[in-house]
Amino acid sequence: MMTVSEWQQQGQFESINGQRIFTRQGGDKSAPALLLIHGYPSASWDWESMWEALTEHYYVITLDMLGFGLSDKPKNAQYLISEQADIFEAFLRQLGVDNYHILAHDYGDTVAQELLARQVDVSCDLHIASVCFLNGGLFPETHEPILIQRLLLSPLGFLVSKLFTKPKFASNLQRIFGPKTPPTSEVIDALWQLLTHNDGVGVLHRLINYIPQRRQYRERWVGAIINSRVPVKLIDGAKDPISGQHMVNRYRELIPNPDVTVMSELGHYPQIEDSNAISEAYLKFRRSTDCTIPKQYKRF
């Protein structure tokens, strides 16, 4: 497993939309571009176990979103999903990438939904060729926040964030990982290090605002999946109490011709719990869909 320090050494900081953002790229730049979007409250390091497998096939691009990981964590930012999407689009433009695929998790699913909504609206010059979601609150009506999330959303959220400790963090991770794939001490250490960098705990109550945003923009973000003209895939750890089997069931109810792979023994962080299985499922999805992508979205 790569340490946070090793991950940082292989990335770079960029000024994007006036913020200092940690970014990472890998693979052949002539290969199809794949954007990885991490979840809450972690960072791009979440993808470290899949990095080698993905960079063998794709030009892989990722970053720590504003308020997360090694990036800036301004105390008074609104942390709007739309602003996170703006940062990704600005970075893609800096790299000269105008056609790309998305693999997203958790909070990143919501950012991916916003990016996809912009394509459905034909309001963006960048083109998404496919989207794959891992566990996340795609539908606010099925999202089951754990206690710490509910407390952070309360009027006392600012105080709760100040009192958040590593043992509490570890306990929460234990609850949302699969019972057969619990987080190792190394994973807990890395995620805690990323969370506390630049006093990230101090903005947790602001970052959690993504949950009410999901309710506010439900029609736009759910509609983006329903009305997508490009392949969309869900890979989901069923043991996740936040967005597990119950979310899969709702996905199958709402999404036309749903393409779903259920990981029956995994929890909320499938890419960490069994990176090989998730890499295999994702590559299988791409092999099955690359030949069906509309010409206007093809990069190769």
# chains A, B, ... in the order shown; residues from 1 in each chain; ligands from 1
>>> select_by_dssp(residues="range 49-194 of chain A", states="strand (DSSP E or B)", output="number ranges by chain")
A: 59-63, 99-104, 127-133
>>> residues_around(residues="range 208-216 of chain A", least_positions_apart="6", cutoff="8 Å", atoms="only C-alpha atoms", output="MDAnalysis selection string")
chainID A and resid 79:81 107 110 139:140 149 152:153
>>> residues_around(residues="Arg229 in chain A", least_positions_apart="2", cutoff="8 Å", atoms="only C-alpha atoms", output="PyMOL selection string")
chain A and resi 120+227+231
>>> closest_residue(among="A:Val187, A:Met50, A:Ala224, A:Leu195", to="Glu280 in chain A", atoms="only C-alpha atoms")
A:Met50
>>> atom_distance(atom1="CA of Asp64 in chain A", atom2="CA of Asp121 in chain A")
26.4 Å
>>> closest_atom_pairs(of="range 31-85 of chain A", to="range 6-23 of chain A", cutoff="8 Å", atoms="only C-alpha atoms", output="CSV")
residue,atom,partner,partner_atom,distance
A:Trp45,CA,A:Trp7,CA,6.8
A:Glu48,CA,A:Trp7,CA,7.7
A:Ile61,CA,A:Thr23,CA,7.7
A:Thr62,CA,A:Thr23,CA,5.9
A:Leu63,CA,A:Thr23,CA,4.1
A:Asp64,CA,A:Phe22,CA,5.5
A:Met65,CA,A:Ile21,CA,7.1
A:Leu66,CA,A:Ile21,CA,6.9
A:Leu70,CA,A:Phe22,CA,5.8
A:Ser71,CA,A:Ile21,CA,4.5
A:Asp72,CA,A:Arg20,CA,5.5
>>> residues_around(residues="range 238-246 of chain A", least_positions_apart="4", cutoff="9 Å", atoms="only C-alpha atoms", output="ChimeraX atom specification")
/A:106,135-138,142-146,175-179,250-251,262-269
>>> closest_residue(among="A:His57, A:Lys166, A:Leu234, A:Ser279", to="Thr261 in chain A", atoms="only C-alpha atoms")
A:Leu234
